[in-house]
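Structure first, commentary second.
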Amino acid sequence: MKIAAVLLSALLAGCASAPPPALPPGSSLFDDGAFGASSEPVDTSALFALSPEMRAYLHSPGFSIRVREKGAVAGLLDALYDKGELKLEYESSTTRTAAQTFAAKSGNCLSLVIMTAAFAYQLGMKVQFQSVDVDETWSRTSGLYLVSSHVNLSLSTRNKEGLRIGDLDHPVTVDFLPPPEAARFRTRALEEDDIVTLYMNNRAAEALVQNRIDDAYWWARTAVARPNAPVMAFNTLGVVYQKRGDGEHAERVFRAALEREPDNLVVMQNLVPVLAANGKPAESAALAARLAKLDPDPPFRFFDEGMKAFNRGDYAAAKRLFEREVERAPYNDEFHFWLALACLRLGEPARAREQLSIAIDTTTRRETRALYSAKLAHLRSLVPQAPAR
């Protein structure tokens with residue numbers, strides 16, 4: 001059953017700009033006894049560790065030639081971006097350690113940043129992690145709404161006197177968005193500790209999506225307990241309690257999050273149903289009214305209205321509503337997919353093919369890409385494209 005009002009701030013949300021207040025002594029945000037042991041080690045000590053295979057790659061003839069010809073940073077970038085070398089693939093569903101990302105040859109942007117930093121550390125480079133000021137991207141899975149933002153890193157080399165060496169005059173940004181697109185956005189510096197906390201929060205979110213509530217709790221708890229834990233970690237912990245049916249702790253954690261960021265829309269959205277369930281309908285209604293003023297058109301509103309129109313057979317209305325959602329969230333593959341279906345029902349096969357192609361290009365999940373590709377191939381077999389002139 002869909003949990004309509006649960007929004008989960010996870011997958012690379014940015015950190016708070018100012019240090020949040022410390023947790024109060026004897027904090028009651030945690031309830032360890034209510035959860036079973038984690039099924040996996042909640043440990044980040046090997047997050048940036050190189051596997052034997054990674055070390056072997058650094059000493060391989062191909063990599064050595066790249067470094068000798070282009071310098072350490074340019075050689076590493078060439079290896080990372082050259083599809084004929086590492087053949088890295090962006091895939092959003094799992095956050096991995098450096099070694100796991102290298103073995104899988106895929107990962108989300110945080111995984112790829114972690115792996116790149118691990119290589120850079122080994123090569124003696126200066127590493128600067130960065131939060132990228134791009135629009136947040138929303139997705140929905142397993143009854144949870146997920147909001148994603150973006151991180152990257154910059155690399156440079158320095159000699160013992162502190163001067164950059166090689167063919168580089170400035171630090172070079174490494175980003176797994178297309179470089180021309182990534183260069184347009186401002187960045188904020190992050191520390192390695194921030195990256196570690198983001199990793200923990202991602203692991204908690206992914207466990208929640210898989211309904212592994214105990215695992216999610218221990219990852220989120222560990223993230224919240226870290227110094228200067230970001231609001232998103234508190235929000236994730238609150239959602240864990242909400243999923244467990246512990247409204248008291250969920251309310252407590254969401255309130256702690258709002259103490260740090262009073263206007264955080266995600267936390268407010270989560271707190272509204274919790275207050276109602278906890279017997280505080282007036283406070284819930286007041287918060288909902290405030291939220292409606294701050295965010296009158298929340299994520300997925302037009303899409304959900306479009307689905308209602310689609311299900312009642314009003315494909316023209318569905319198309320208009322899907323187009324509105326696509327306009328404000330052009331990288332959400334689900335919106336393009338349903339816009340394609342609406343176009344198909346309206347007798348617009350060319351537009352349907354176009355939107356299915358965009359859905360294939362924008363999805364970051366292998367299984368979804370395969371599904372869309374199969375539907376596109378079926379559509380092309382039914383309605384062949386006009387020959388080129």
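Labels used: A, B, ... for chains in the order of the structure tokens, numbers from 1 for residues in each chain, and numbers from 1 for ligands as shown.
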Inset, instruction - Mind checking which residues fall within 7 Å of segment 219-228 of chain A, counting only C-alpha atoms, ignoring those fewer than 4 positions away in the same chain, and posting them as a list in words? - result: Pro19, Pro20, Val42, Thr197, Met200, Asn201, Arg203, Ala204, Asp215, Ala233, Phe234, Thr236 and Leu237 of chain A
Could the residues in this selection be saved with C-alpha atoms as a compact mmCIF listing (two decimals), in the first residue's frame?
# COMPACT_ATOMS: atom_id res chain seq x y z
CA PRO A 19 26.48 23.76 11.92
CA PRO A 20 23.27 22.48 13.58
CA VAL A 42 27.40 -0.60 9.73
CA THR A 197 27.58 10.83 6.43
CA MET A 200 25.42 6.33 5.64
CA ASN A 201 22.21 8.18 4.83
CA ARG A 203 22.50 3.17 2.79
CA ALA A 204 19.65 3.85 5.23
CA ASP A 215 19.26 -2.13 8.72
CA ALA A 233 19.86 12.21 8.29
CA PHE A 234 17.36 13.19 10.97
CA THR A 236 15.60 9.55 7.32
CA LEU A 237 15.65 8.37 10.93
Inset, instruction - Return as a list of chain:residue names the full set of residues in segment 275-310 of chain A whose backbone-based DSSP assignment is alpha helix (DSSP H). - result: A:Leu275, A:Ala276, A:Ala277, A:Pro281, A:Ala282, A:Glu283, A:Ser284, A:Ala285, A:Ala286, A:Leu287, A:Ala288, A:Ala289, A:Arg290, A:Leu291, A:Ala292, A:Lys293, A:Leu294, A:Arg301, A:Phe302, A:Phe303, A:Asp304, A:Glu305, A:Gly306, A:Met307, A:Lys308, A:Ala309, A:Phe310
Inset, instruction - Skip Asn278 of chain A itself and residues of its chain fewer than 5 positions away, then list as an NGL selection string all residues within 9 Å of it, counting only C-alpha atoms. - result: :A and (247-248 or 251 or 273)
Selection above as a file: N, CA, C and O atoms, as a compact mmCIF listing (two decimals), in the first residue's frame:
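The resulting file, selection31.txt, is shown below:
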# COMPACT_ATOMS: atom_id res chain seq x y z
N GLY A 247 5.15 6.46 16.27
CA GLY A 247 4.87 7.86 16.03
C GLY A 247 5.53 8.78 17.01
O GLY A 247 5.90 9.92 16.66
N GLU A 248 5.71 8.35 18.25
CA GLU A 248 6.30 9.21 19.27
C GLU A 248 7.74 9.57 18.91
O GLU A 248 8.12 10.74 18.94
N GLU A 251 7.89 11.74 15.65
CA GLU A 251 7.62 13.16 15.92
C GLU A 251 8.81 13.84 16.56
O GLU A 251 9.19 14.95 16.20
N PRO A 273 1.34 14.10 8.90
CA PRO A 273 0.54 12.92 9.25
C PRO A 273 0.93 12.33 10.60
O PRO A 273 0.10 11.69 11.26
Inset, instruction - Write out as a PyMOL selection string which residues come within 10 Å of Arg353 of chain A when counting only C-alpha atoms, dropping same-chain ones fewer than 4 positions away. - result: chain A and resi 337+340-341+343-344+348-349+357-359+375-377+379-380+383+385
Legend entry - Separation of atom CA of Leu58 of chain A from atom CA of Phe119 of chain A, in Å and rounded to one decimal: 8.1 Å
Legend entry - Counting only C-alpha atoms, the option among A:Ala352, A:Leu123, A:Ser381, A:Phe129 closest to Asp193 of chain A: A:Phe129
